[in-house]
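S.K.: Sharing a structure here in structure tokens format.
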Amino acid sequence: MRRQRLGPMRVGVRAGGASGQGGRVRHAIPHITLRGGGSEASSGKVKPRREKTRPALGRWRRRPLVQGPRSGRSPPARAKLQRRASPASSRPVRAAPRRRPTKAARHGETAEAIAMPPARLPIAHIVNPRSVAVIGASEDVGKFGGRVIHYLIRHGYAGRLLPINPNRPAIRGLTAWPGIGAAPGPVDVAVLAVPAAHLLREIEACAAAGVGACIVITGKLADAGPEGAALEARLRAVAAAAGMRLVGPNCLGLFNVTDRAMLSSSLALEVERLKPGGIGMVSQSGALTGALVSLGHRHGAGFSRCISVGNQADLELCDFLDYLVEDPATRVITLYVEGLKDPARLAPLLRRARAAGKPVLCVKAGRSEAGAQAARSHTASLAGSHAAFAAVCRAAGAVLLDDPAIMVLAADMLDRQPPLPRPGMGVAVVASSGGSTVTTTDMLAGFGLRTARMGPATRAEMARWMPESHVHLPLDTGSFHDNTSEAALAGCLRAFMADPDIGAVLVPMTTQPAMARRAALLPPLAREGGRPLLYVMMAGEVGDAARAAMQAADFPYCDHVAQALAVLRALEAEAEGRDRHALPPPQRPPGAGPLAGPLPEGSGAGALTEAETKRLVAAYGLPVTREVLVATEAEAVAAAEAIGFPVVLKGVSRAVVHKSDLGLVRLGLGDAASVREAFAALQAAPVTLEGVLVQEMARGAAELILGARHEPGLGPLVLVGTGGVLVEVLRDVQLAPAPLRPEDAMAMLRRLGLWPVLEGVRGRPPLDAAAAAEALVRLSWLAADLGPRLVELDLNPLLLRADGQGCIAVDARATLQPADAGGAA
Ligand code: ADP
Ligand code: MG
């Protein structure tokens, strides 16, 4: 069913705020359906929406609705246009007349009114425009402009369509207009697929004609170098001055599948019809959007709106994310991100999506580039900006993935199937061959998943259908007494869906008789069960009948076990995100700041010494070694005696990053003579020392690294991992935005490769993970308080002792931004 819109009279009423502001016209498009029970998107939930960031009143210039016919325009051609423009729903040709402000009115503007920015067309209206002009329209589908008009018509765009082409009277049976200025307005959206050389002229014409938004498909702008960037800046300025929005340039436009408005030249539209559904997509790659929509389409996935944002000259990814969070047609959001214009917008939007019950799945390009930066600290080299992005996404409840295809298939599962009830549950594999049962189970662990532990009810049900000896998971249906029994399969699946440890059922199907019939049994059982069921058709084309059965049942499927496991892993991450979102906000532990007064001495600028850094973290309650900074041998011996043997001596220099590489760390000094000897050796080192640090020799059972840094745009982050000198080699680290809750810190520790050691392996006692988590929480508050003043901070190692005996930082290093360069001090 198509969306209906209010008639012209209503429009006149809604737009009735037009007067009063110095003749400015209020942009109040009645772009919503409040009656008629149309599509889901219009089922009464839609409220008139205006961009929150802008005042509603302002100027969105429009040319008069009624315009004299262009010379040479024949009445039949006009009639045809009108027919096209007025689909069966007796939709108005146009909303209320919008007039240019009269000269007098313009001169009569108050200063306040002049200062007001022009009102801009809300994104919801750009995505669902009432009228679309295609500039560079053509009959030739080999051209961008030819495809845009072709796809608009083919997919059933029901608004007013205005081909713009100076050389033709008609295109695809529609009146063609020689320029946007000649076309009857108002025009909500113009799609531009013209050569870059003509772009500025066309954008100016659109601005002058009062077009609401331009979707600029043309590429080779900021993406092609400084000249293109300069042109892009001019386009942006022209559009901004007119209150006209821009999507792109260098994008593939957008698909509004819900309303059948395909404003795109993407070949993904070479299908009869895209299926409407709940998956929304915002992507910085147009071609990837096309591939993903097409992949989803093949799997029977349904989309709501897919937007390719291109160079983001004006509207950016976060603007569309914001729109999708509010969009009633969108139930799951997918993002392909290369770089954000304003990264600080992301986390709040992700949290809002969570609060709205919409999972967000995201692929961020550039992971392999991460860590390339030369860094003074371990934390900076281990926690590059990609890792920071991932950590921020995860903390805000989003699912970060590497593979865009998995993003779409997982989004489809979340759209058409129930989510995992909660994180950490097991998987029940159900297969019809020993080989697929065993190999699928073998692969589970590689995806961080496990076979479920069945409860007694499940066991009892299975025992009805198979010999007791075969009652276990994975289930091989070949061991049913009657292996063609549909009742046995149904009985077991029902039991699985009710088992408290079974979060999902995975059904890898191999070639067998009646594959399609067997496949068709699954969707109703899965729907009853309220748990995700992942169906994998492992066969090639002989499996197509089974795939078609799934399509017919409106049920997702995968083509490979690895694909299904990656999707399951994403569902697990989604459940973790849901859990995390439900937690209360972090609470500052007693004694963890806030920072009061000036930072510790010596921390005014740049690199801090070990002792200075330790004082800073000790002020937040982190345990550090007892130590004394000395200048002479006699002082060193006195300090060692006061601390108690054995001690450690370290040469102090801000210029040195790794002390032990230069022989500046002398461990295990058991008496005064060894202290003297070590002191002399440090004096001989090839660096100028500020002094010598005498500290207690601490003991621990494992070495952790704790770190913190501030990522511009994303904020403070903390890191924990396997510490010691091999940190960069092992790269066993977890990152999260600060501040943390104790639960977050424990979850980070559990995700480490080192975790089994912390739990106690091979007869070794468990270690004090709670103490490590607390140290991490305290450090996170320091990072949060320092804000942009914190460049980087490492505690490596933090020695972790047996359970109940705590931990202690034996080394520390930090770099702070000078107070005047930072902001938070
Ligand atoms: P750097 O990392 O600059 O080379 P550290 O101060 O971390 O220097 O010392 C190197 C190693 O020596 C540490 O990883 C740790 O294993 C050990 N170490 C350093 N200080 C102590 C200490 N006070 N107690 C026990 N071991 C220590
Ligand atoms: Mg160290």
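Numbering starts fresh at 1 for the residues of each chain in the structure tokens, the chains themselves are lettered A, B, ... in the order given, and ligands are numbered from 1 as they appear.
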I'd like the neighbourhood of range 397-401 of chain A as a list of chain:residue names, where a residue qualifies if any of its atoms comes within 8 Å (using only C-alpha atoms), though same-chain residues fewer than 3 positions away should be ignored.
M.R.: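 The filter keeps A:Leu350, A:Arg351, A:Arg354, A:Pro359, A:Val360, A:Leu361, A:Cys362, A:Val363, A:Lys364, A:Ala390, A:Cys393, A:Arg394, A:Pro404, A:Ile406, A:Met407, A:Ala570, A:Ala573, A:Glu574, A:Glu576, A:Gly577, A:Arg578, A:Arg580, A:His581.
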S.K.: Could you write out that same residue set with C-alpha atoms as a compact mmCIF listing (two decimals), in the first residue's frame?
M.R.:
# COMPACT_ATOMS: atom_id res chain seq x y z
CA LEU A 350 24.23 4.63 18.92
CA ARG A 351 22.86 4.79 22.45
CA ARG A 354 19.68 1.09 21.49
CA PRO A 359 20.35 -2.83 16.88
CA VAL A 360 23.14 -1.07 14.99
CA LEU A 361 25.70 -3.10 13.05
CA CYS A 362 28.73 -1.36 11.72
CA VAL A 363 31.72 -2.03 9.51
CA LYS A 364 34.55 0.46 9.85
CA ALA A 390 35.52 -0.15 17.76
CA CYS A 393 30.84 1.40 19.21
CA ARG A 394 30.90 -1.62 21.44
CA PRO A 404 30.02 -6.09 5.23
CA ILE A 406 27.96 -10.61 7.41
CA MET A 407 26.62 -7.24 8.53
CA ALA A 570 27.25 -10.90 15.53
CA ALA A 573 27.61 -9.21 20.18
CA GLU A 574 24.16 -7.69 19.75
CA GLU A 576 26.03 -8.20 24.77
CA GLY A 577 25.29 -4.68 23.57
CA ARG A 578 21.70 -4.99 24.77
CA ARG A 580 25.46 -3.36 28.45
CA HIS A 581 22.87 -0.77 27.55
S.K.: Could you list, as an MDAnalysis selection string, all residues that come within 6 Å of ligand 1? Count only C-alpha atoms and all ligand atoms.
M.R.: chainID A and resid 648 658:660 665 695:699 724:725 796:797 810:811
S.K.: Please report, as JSON lines, each residue of chain A lying at most 12 Å from ligand 2, together with the nearest pair of atoms and the separation in Å rounded to one decimal; use only C-alpha atoms and all ligand atoms, and order rows by chain and ascending residue number.
M.R.:
{"residue": "A:Ser377", "atom": "CA", "partner": "ligand 2", "partner_atom_place_in_ligand_line": "1 (Mg)", "distance": 10.0}
{"residue": "A:His378", "atom": "CA", "partner": "ligand 2", "partner_atom_place_in_ligand_line": "1 (Mg)", "distance": 9.4}
{"residue": "A:Thr379", "atom": "CA", "partner": "ligand 2", "partner_atom_place_in_ligand_line": "1 (Mg)", "distance": 11.8}
{"residue": "A:Glu610", "atom": "CA", "partner": "ligand 2", "partner_atom_place_in_ligand_line": "1 (Mg)", "distance": 9.5}
{"residue": "A:Lys650", "atom": "CA", "partner": "ligand 2", "partner_atom_place_in_ligand_line": "1 (Mg)", "distance": 11.1}
{"residue": "A:Val656", "atom": "CA", "partner": "ligand 2", "partner_atom_place_in_ligand_line": "1 (Mg)", "distance": 11.4}
{"residue": "A:Val657", "atom": "CA", "partner": "ligand 2", "partner_atom_place_in_ligand_line": "1 (Mg)", "distance": 8.9}
{"residue": "A:His658", "atom": "CA", "partner": "ligand 2", "partner_atom_place_in_ligand_line": "1 (Mg)", "distance": 6.9}
{"residue": "A:Lys659", "atom": "CA", "partner": "ligand 2", "partner_atom_place_in_ligand_line": "1 (Mg)", "distance": 7.6}
{"residue": "A:Ser660", "atom": "CA", "partner": "ligand 2", "partner_atom_place_in_ligand_line": "1 (Mg)", "distance": 7.9}
{"residue": "A:Asp661", "atom": "CA", "partner": "ligand 2", "partner_atom_place_in_ligand_line": "1 (Mg)", "distance": 10.3}
{"residue": "A:Leu664", "atom": "CA", "partner": "ligand 2", "partner_atom_place_in_ligand_line": "1 (Mg)", "distance": 11.2}
{"residue": "A:Val665", "atom": "CA", "partner": "ligand 2", "partner_atom_place_in_ligand_line": "1 (Mg)", "distance": 9.6}
{"residue": "A:Glu703", "atom": "CA", "partner": "ligand 2", "partner_atom_place_in_ligand_line": "1 (Mg)", "distance": 10.0}
{"residue": "A:Leu704", "atom": "CA", "partner": "ligand 2", "partner_atom_place_in_ligand_line": "1 (Mg)", "distance": 10.3}
{"residue": "A:Ile705", "atom": "CA", "partner": "ligand 2", "partner_atom_place_in_ligand_line": "1 (Mg)", "distance": 8.7}
{"residue": "A:Leu706", "atom": "CA", "partner": "ligand 2", "partner_atom_place_in_ligand_line": "1 (Mg)", "distance": 10.8}
{"residue": "A:Gly707", "atom": "CA", "partner": "ligand 2", "partner_atom_place_in_ligand_line": "1 (Mg)", "distance": 11.6}
{"residue": "A:Gly723", "atom": "CA", "partner": "ligand 2", "partner_atom_place_in_ligand_line": "1 (Mg)", "distance": 8.4}
{"residue": "A:Gly724", "atom": "CA", "partner": "ligand 2", "partner_atom_place_in_ligand_line": "1 (Mg)", "distance": 6.4}
{"residue": "A:Val725", "atom": "CA", "partner": "ligand 2", "partner_atom_place_in_ligand_line": "1 (Mg)", "distance": 6.8}
{"residue": "A:Leu726", "atom": "CA", "partner": "ligand 2", "partner_atom_place_in_ligand_line": "1 (Mg)", "distance": 10.2}
{"residue": "A:Val727", "atom": "CA", "partner": "ligand 2", "partner_atom_place_in_ligand_line": "1 (Mg)", "distance": 9.9}
{"residue": "A:Leu793", "atom": "CA", "partner": "ligand 2", "partner_atom_place_in_ligand_line": "1 (Mg)", "distance": 11.6}
{"residue": "A:Asp794", "atom": "CA", "partner": "ligand 2", "partner_atom_place_in_ligand_line": "1 (Mg)", "distance": 8.2}
{"residue": "A:Leu795", "atom": "CA", "partner": "ligand 2", "partner_atom_place_in_ligand_line": "1 (Mg)", "distance": 7.2}
{"residue": "A:Asn796", "atom": "CA", "partner": "ligand 2", "partner_atom_place_in_ligand_line": "1 (Mg)", "distance": 4.4}
{"residue": "A:Pro797", "atom": "CA", "partner": "ligand 2", "partner_atom_place_in_ligand_line": "1 (Mg)", "distance": 5.5}
{"residue": "A:Leu798", "atom": "CA", "partner": "ligand 2", "partner_atom_place_in_ligand_line": "1 (Mg)", "distance": 8.9}
{"residue": "A:Leu799", "atom": "CA", "partner": "ligand 2", "partner_atom_place_in_ligand_line": "1 (Mg)", "distance": 10.9}
{"residue": "A:Ala809", "atom": "CA", "partner": "ligand 2", "partner_atom_place_in_ligand_line": "1 (Mg)", "distance": 9.5}
{"residue": "A:Val810", "atom": "CA", "partner": "ligand 2", "partner_atom_place_in_ligand_line": "1 (Mg)", "distance": 7.6}
{"residue": "A:Asp811", "atom": "CA", "partner": "ligand 2", "partner_atom_place_in_ligand_line": "1 (Mg)", "distance": 5.0}
{"residue": "A:Ala812", "atom": "CA", "partner": "ligand 2", "partner_atom_place_in_ligand_line": "1 (Mg)", "distance": 6.8}
{"residue": "A:Arg813", "atom": "CA", "partner": "ligand 2", "partner_atom_place_in_ligand_line": "1 (Mg)", "distance": 8.3}
{"residue": "A:Ala814", "atom": "CA", "partner": "ligand 2", "partner_atom_place_in_ligand_line": "1 (Mg)", "distance": 11.7}
S.K.: What's around Ala747 in chain A at 10 Å? Count only C-alpha atoms, leave out sequence neighbours fewer than 5 positions away in its own chain, and write the answer as a PDB file with N, CA and C atoms, in the first residue's frame.
M.R.:
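Here's the written file selection_8.pdb:
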ATOM      1  N   GLN A 734      42.469  -5.236  25.279  1.00  0.00           N
ATOM      2  CA  GLN A 734      41.066  -4.818  25.146  1.00  0.00           C
ATOM      3  C   GLN A 734      40.989  -3.337  25.463  1.00  0.00           C
ATOM      4  N   ARG A 741      32.459   0.911  34.258  1.00  0.00           N
ATOM      5  CA  ARG A 741      31.837   0.248  35.402  1.00  0.00           C
ATOM      6  C   ARG A 741      32.683  -0.977  35.728  1.00  0.00           C
ATOM      7  N   PRO A 742      32.625  -1.477  36.975  1.00  0.00           N
ATOM      8  CA  PRO A 742      33.382  -2.702  37.293  1.00  0.00           C
ATOM      9  C   PRO A 742      33.019  -3.849  36.349  1.00  0.00           C
ATOM     10  N   LEU A 752      40.373 -11.264  27.295  1.00  0.00           N
ATOM     11  CA  LEU A 752      41.809 -11.389  27.013  1.00  0.00           C
ATOM     12  C   LEU A 752      42.200 -12.845  26.792  1.00  0.00           C
ATOM     13  N   ALA A 773      40.603  -5.375  37.846  1.00  0.00           N
ATOM     14  CA  ALA A 773      39.430  -4.655  37.331  1.00  0.00           C
ATOM     15  C   ALA A 773      39.266  -3.335  38.074  1.00  0.00           C
TER      16      ALA A 773
END
S.K.: Restricting the calculation to only C-alpha atoms, which member of A:Gly300, A:Pro585, A:Pro348, A:Pro467 is positioned closest to Cys318 in chain A?
M.R.: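 Closest residue, counting only C-alpha atoms: A:Pro348.
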S.K.: Show me, as a list in words, the residues that have an atom within 9 Å of Glu202 in chain A when counting only C-alpha atoms, minus same-chain residues fewer than 5 positions from it.
M.R.: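 The neighbour list is Ile135, Gly179, Ile180, Leu192, Val194 and Ala207 of chain A.
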S.K.: Those selected residues, please, written with N, CA, C and O atoms and delivered as an mmCIF file, in the first residue's frame.
M.R.:
data_model
loop_
_atom_site.group_PDB
_atom_site.id
_atom_site.type_symbol
_atom_site.label_atom_id
_atom_site.label_comp_id
_atom_site.auth_asym_id
_atom_site.auth_seq_id
_atom_site.Cartn_x
_atom_site.Cartn_y
_atom_site.Cartn_z
ATOM 1 N N ILE A 135 18.419 15.780 -13.184
ATOM 2 C CA ILE A 135 19.188 16.677 -14.049
ATOM 3 C C ILE A 135 20.228 15.838 -14.780
ATOM 4 O O ILE A 135 21.001 15.119 -14.143
ATOM 5 N N GLY A 179 15.618 23.140 -18.197
ATOM 6 C CA GLY A 179 16.481 23.468 -17.060
ATOM 7 C C GLY A 179 15.632 23.428 -15.816
ATOM 8 O O GLY A 179 14.393 23.476 -15.901
ATOM 9 N N ILE A 180 16.274 23.348 -14.660
ATOM 10 C CA ILE A 180 15.508 23.250 -13.419
ATOM 11 C C ILE A 180 14.659 24.498 -13.216
ATOM 12 O O ILE A 180 13.559 24.450 -12.677
ATOM 13 N N LEU A 192 21.457 14.858 -9.436
ATOM 14 C CA LEU A 192 22.372 15.383 -10.445
ATOM 15 C C LEU A 192 23.393 14.334 -10.832
ATOM 16 O O LEU A 192 24.138 13.841 -9.987
ATOM 17 N N VAL A 194 25.602 14.936 -13.614
ATOM 18 C CA VAL A 194 26.181 15.699 -14.719
ATOM 19 C C VAL A 194 27.699 15.741 -14.555
ATOM 20 O O VAL A 194 28.204 15.536 -13.440
ATOM 21 N N ALA A 207 19.614 25.939 -6.568
ATOM 22 C CA ALA A 207 19.467 26.830 -5.412
ATOM 23 C C ALA A 207 18.516 27.968 -5.756
ATOM 24 O O ALA A 207 17.620 28.316 -4.982
#
S.K.: Residues near Ser308 in chain A, anyone? I mean within 10 Å using only C-alpha atoms, not counting same-chain ones fewer than 2 positions away, as number ranges by chain.
M.R.: A: 215, 217, 247-255, 264, 281-290, 306, 310-312, 316-317, 320, 336
S.K.: With distances taken over only C-alpha atoms, which of A:Glu227, A:Gly243, A:Ala233, A:Cys206 is nearest to Arg120 in chain A?
M.R.: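 Checking each candidate against Arg120 in chain A, we get A:Gly243 as the closest.
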S.K.: List the neighbours of Leu420 in chain A out to 12 Å using only C-alpha atoms; skip same-chain residues closer than 2 positions along the sequence, and give me the result as a compact mmCIF listing (two decimals) with N, CA, C and O atoms, in the first residue's frame.
M.R.:
# COMPACT_ATOMS: atom_id res chain seq x y z
N ALA A 410 23.43 -10.63 9.14
CA ALA A 410 23.09 -10.57 10.57
C ALA A 410 21.94 -9.58 10.80
O ALA A 410 21.04 -9.83 11.60
N MET A 413 18.83 -11.33 9.98
CA MET A 413 18.40 -12.22 11.08
C MET A 413 17.69 -11.40 12.16
O MET A 413 16.65 -11.80 12.66
N LEU A 414 18.29 -10.26 12.50
CA LEU A 414 17.69 -9.45 13.57
C LEU A 414 16.37 -8.85 13.12
O LEU A 414 15.49 -8.57 13.94
N GLN A 417 14.05 -12.45 12.56
CA GLN A 417 14.04 -13.51 13.58
C GLN A 417 14.21 -12.87 14.95
O GLN A 417 14.70 -11.76 15.06
N PRO A 418 13.85 -13.62 15.99
CA PRO A 418 14.08 -13.07 17.33
C PRO A 418 15.58 -12.97 17.60
O PRO A 418 16.36 -13.74 17.03
N ARG A 422 19.81 -13.83 25.57
CA ARG A 422 20.82 -13.11 26.36
C ARG A 422 22.18 -13.59 25.90
O ARG A 422 22.29 -14.65 25.27
N PRO A 423 23.26 -12.85 26.22
CA PRO A 423 24.58 -13.29 25.75
C PRO A 423 25.06 -14.51 26.54
O PRO A 423 24.58 -14.77 27.65
N GLY A 424 26.00 -15.23 25.97
CA GLY A 424 26.67 -16.31 26.70
C GLY A 424 25.97 -17.65 26.66
O GLY A 424 26.42 -18.60 27.30
N MET A 425 24.85 -17.74 25.94
CA MET A 425 24.17 -19.03 25.87
C MET A 425 24.85 -19.93 24.84
O MET A 425 25.65 -19.48 24.04
N GLY A 426 24.51 -21.22 24.86
CA GLY A 426 25.13 -22.16 23.95
C GLY A 426 24.35 -22.30 22.65
O GLY A 426 23.27 -21.74 22.47
N VAL A 427 24.94 -23.08 21.74
CA VAL A 427 24.34 -23.31 20.43
C VAL A 427 24.00 -24.79 20.30
O VAL A 427 24.78 -25.64 20.72
N MET A 497 14.26 -25.01 21.80
CA MET A 497 13.83 -23.61 21.90
C MET A 497 13.39 -23.26 23.32
O MET A 497 13.29 -22.08 23.66
N PRO A 500 16.98 -23.66 28.75
CA PRO A 500 17.55 -22.40 29.25
C PRO A 500 18.98 -22.12 28.79
O PRO A 500 19.42 -20.97 28.83
N ASP A 501 19.71 -23.14 28.33
CA ASP A 501 21.08 -22.85 27.88
C ASP A 501 21.20 -22.77 26.36
O ASP A 501 22.27 -22.46 25.84
N ILE A 502 20.13 -23.05 25.65
CA ILE A 502 20.24 -23.01 24.18
C ILE A 502 19.76 -21.65 23.68
O ILE A 502 18.59 -21.31 23.75
N GLY A 503 20.73 -20.88 23.19
CA GLY A 503 20.40 -19.54 22.71
C GLY A 503 19.98 -19.54 21.26
O GLY A 503 19.18 -18.71 20.82
N ALA A 504 20.53 -20.47 20.47
CA ALA A 504 20.26 -20.50 19.04
C ALA A 504 20.42 -21.92 18.52
O ALA A 504 21.14 -22.72 19.10
N VAL A 505 19.73 -22.18 17.43
CA VAL A 505 19.82 -23.49 16.79
C VAL A 505 20.44 -23.28 15.42
O VAL A 505 20.08 -22.35 14.70
N GLY A 529 9.27 -20.81 18.58
CA GLY A 529 10.28 -20.96 19.64
C GLY A 529 10.82 -19.66 20.20
O GLY A 529 11.27 -19.61 21.33
N GLY A 530 10.80 -18.60 19.40
CA GLY A 530 11.31 -17.32 19.90
C GLY A 530 12.82 -17.28 20.06
O GLY A 530 13.35 -16.47 20.81
N ARG A 531 13.55 -18.18 19.40
CA ARG A 531 15.02 -18.13 19.39
C ARG A 531 15.46 -18.09 17.93
O ARG A 531 14.77 -18.67 17.08
N PRO A 532 16.61 -17.52 17.66
CA PRO A 532 17.07 -17.55 16.27
C PRO A 532 17.42 -18.96 15.82
O PRO A 532 18.03 -19.72 16.57
N LEU A 533 16.99 -19.29 14.62
CA LEU A 533 17.37 -20.55 14.00
C LEU A 533 18.11 -20.20 12.72
O LEU A 533 17.59 -19.47 11.88
N LEU A 534 19.36 -20.67 12.63
CA LEU A 534 20.15 -20.36 11.44
C LEU A 534 20.18 -21.57 10.54
O LEU A 534 20.67 -22.63 10.93
N VAL A 567 27.52 -14.83 11.56
CA VAL A 567 26.24 -14.16 11.86
C VAL A 567 25.88 -14.40 13.33
O VAL A 567 25.51 -13.47 14.05
N LEU A 568 26.06 -15.62 13.78
CA LEU A 568 25.75 -15.93 15.18
C LEU A 568 26.62 -15.13 16.14
O LEU A 568 26.16 -14.64 17.17
N ARG A 569 27.88 -14.99 15.77
CA ARG A 569 28.81 -14.20 16.59
C ARG A 569 28.29 -12.74 16.66
O ARG A 569 28.34 -12.12 17.71
N ALA A 570 27.80 -12.26 15.54
CA ALA A 570 27.25 -10.90 15.53
C ALA A 570 26.00 -10.81 16.41
O ALA A 570 25.79 -9.82 17.12
N LEU A 571 25.18 -11.86 16.38
CA LEU A 571 23.98 -11.87 17.23
C LEU A 571 24.39 -11.88 18.71
O LEU A 571 23.76 -11.25 19.56
N GLU A 572 25.47 -12.61 18.99
CA GLU A 572 25.99 -12.65 20.36
C GLU A 572 26.44 -11.24 20.78
O GLU A 572 26.14 -10.78 21.88
N ALA A 573 27.15 -10.57 19.88
CA ALA A 573 27.61 -9.21 20.18
C ALA A 573 26.41 -8.28 20.37
O ALA A 573 26.43 -7.37 21.21
N GLU A 574 25.37 -8.52 19.61
CA GLU A 574 24.16 -7.69 19.75
C GLU A 574 23.55 -7.90 21.14
O GLU A 574 23.14 -6.94 21.80
N ALA A 575 23.51 -9.16 21.57
CA ALA A 575 22.95 -9.44 22.90
C ALA A 575 23.82 -8.82 24.00
O ALA A 575 23.30 -8.28 24.98
N GLU A 576 25.13 -8.85 23.79
CA GLU A 576 26.03 -8.20 24.77
C GLU A 576 25.75 -6.71 24.82
O GLU A 576 25.71 -6.10 25.89
N GLY A 577 25.57 -6.12 23.64
CA GLY A 577 25.29 -4.68 23.57
C GLY A 577 23.99 -4.34 24.28
O GLY A 577 23.89 -3.33 24.98
N ARG A 578 23.00 -5.20 24.12
CA ARG A 578 21.70 -4.99 24.77
C ARG A 578 21.87 -5.02 26.29
O ARG A 578 21.36 -4.17 27.01
N ASP A 579 22.64 -6.00 26.75
CA ASP A 579 22.91 -6.13 28.19
C ASP A 579 23.62 -4.89 28.74
O ASP A 579 23.27 -4.37 29.78
S.K.: Which residues in range 191-242 of chain A does DSSP call helix (DSSP H, G or I)? List them as a VMD selection string.
M.R.: chain A and resid 196 to 208 222 to 224 226 to 242
S.K.: Store the residues of this selection in a file with C-alpha atoms, as a PDB file, in the first residue's frame.
M.R.:
ATOM      1  CA  ALA A 196      31.838  17.873 -12.741  1.00  0.00           C
ATOM      2  CA  ALA A 197      32.465  20.793 -15.091  1.00  0.00           C
ATOM      3  CA  HIS A 198      28.727  21.616 -15.136  1.00  0.00           C
ATOM      4  CA  LEU A 199      28.042  20.879 -11.542  1.00  0.00           C
ATOM      5  CA  LEU A 200      28.430  24.331 -10.028  1.00  0.00           C
ATOM      6  CA  ARG A 201      26.148  25.869 -12.653  1.00  0.00           C
ATOM      7  CA  GLU A 202      23.489  23.233 -12.043  1.00  0.00           C
ATOM      8  CA  ILE A 203      23.695  23.515  -8.277  1.00  0.00           C
ATOM      9  CA  GLU A 204      23.335  27.290  -8.548  1.00  0.00           C
ATOM     10  CA  ALA A 205      20.297  26.814 -10.758  1.00  0.00           C
ATOM     11  CA  CYS A 206      18.803  24.392  -8.227  1.00  0.00           C
ATOM     12  CA  ALA A 207      19.467  26.830  -5.412  1.00  0.00           C
ATOM     13  CA  ALA A 208      17.849  29.643  -7.370  1.00  0.00           C
ATOM     14  CA  ALA A 222      37.045  16.244  -2.872  1.00  0.00           C
ATOM     15  CA  ASP A 223      37.754  12.569  -3.554  1.00  0.00           C
ATOM     16  CA  ALA A 224      39.978  13.542  -6.499  1.00  0.00           C
ATOM     17  CA  PRO A 226      42.492  19.872  -4.081  1.00  0.00           C
ATOM     18  CA  GLU A 227      40.805  21.251  -7.196  1.00  0.00           C
ATOM     19  CA  GLY A 228      37.813  19.024  -6.704  1.00  0.00           C
ATOM     20  CA  ALA A 229      37.793  19.883  -3.018  1.00  0.00           C
ATOM     21  CA  ALA A 230      37.641  23.585  -3.863  1.00  0.00           C
ATOM     22  CA  LEU A 231      34.697  22.981  -6.176  1.00  0.00           C
ATOM     23  CA  GLU A 232      32.993  20.914  -3.514  1.00  0.00           C
ATOM     24  CA  ALA A 233      33.450  23.751  -1.027  1.00  0.00           C
ATOM     25  CA  ARG A 234      31.761  26.130  -3.487  1.00  0.00           C
ATOM     26  CA  LEU A 235      28.850  23.755  -3.972  1.00  0.00           C
ATOM     27  CA  ARG A 236      28.470  23.556  -0.222  1.00  0.00           C
ATOM     28  CA  ALA A 237      28.524  27.344   0.109  1.00  0.00           C
ATOM     29  CA  VAL A 238      25.920  27.829  -2.627  1.00  0.00           C
ATOM     30  CA  ALA A 239      23.664  25.198  -1.088  1.00  0.00           C
ATOM     31  CA  ALA A 240      24.086  26.515   2.451  1.00  0.00           C
ATOM     32  CA  ALA A 241      23.252  30.071   1.413  1.00  0.00           C
ATOM     33  CA  ALA A 242      20.026  28.841  -0.162  1.00  0.00           C
TER      34      ALA A 242
END
S.K.: Residues of range 451-605 of chain A in strand (DSSP E) according to DSSP, as a PyMOL selection string?
M.R.: chain A and resi 475-476+502-509+533-537
S.K.: Given the choices A:Pro589, A:Gly651, A:Pro737, A:Gly721, which gets closest to Leu758 in chain A if the distance is worked out from only C-alpha atoms?
M.R.: A:Gly721
S.K.: Which value, in Å to one decimal, gives the distance between CA of Pro508 in chain A and CA of Gly455 in chain A?
M.R.: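 So the answer is 22.6 Å.
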S.K.: Could you please determine the separation between CA of Gly435 in chain A and CA of Arg450 in chain A in Å, to one decimal place?
M.R.: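 Value for the CA of Gly435 in chain A-CA of Arg450 in chain A distance: 18.0 Å.
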S.K.: Can you tell me how far CA of Ala784 in chain A sits from CA of Gln817 in chain A, in Å to one decimal?
M.R.: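 Pair CA of Ala784 in chain A / CA of Gln817 in chain A returns 14.4 Å.
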S.K.: Report as a list in words all protein, DNA and RNA residues lying within 12 Å of Pro756 in chain A, evaluated on only C-alpha atoms, omitting residues in the same chain fewer than 4 positions from it.
M.R.: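 With the cut-off at 12 Å, the set is Ala702, Thr722, Leu749, Arg750, Arg751, Leu752, Gly760, Val761, Arg762, Gly763, Arg764, Pro765, Pro766, Leu767 and Ala769 of chain A.
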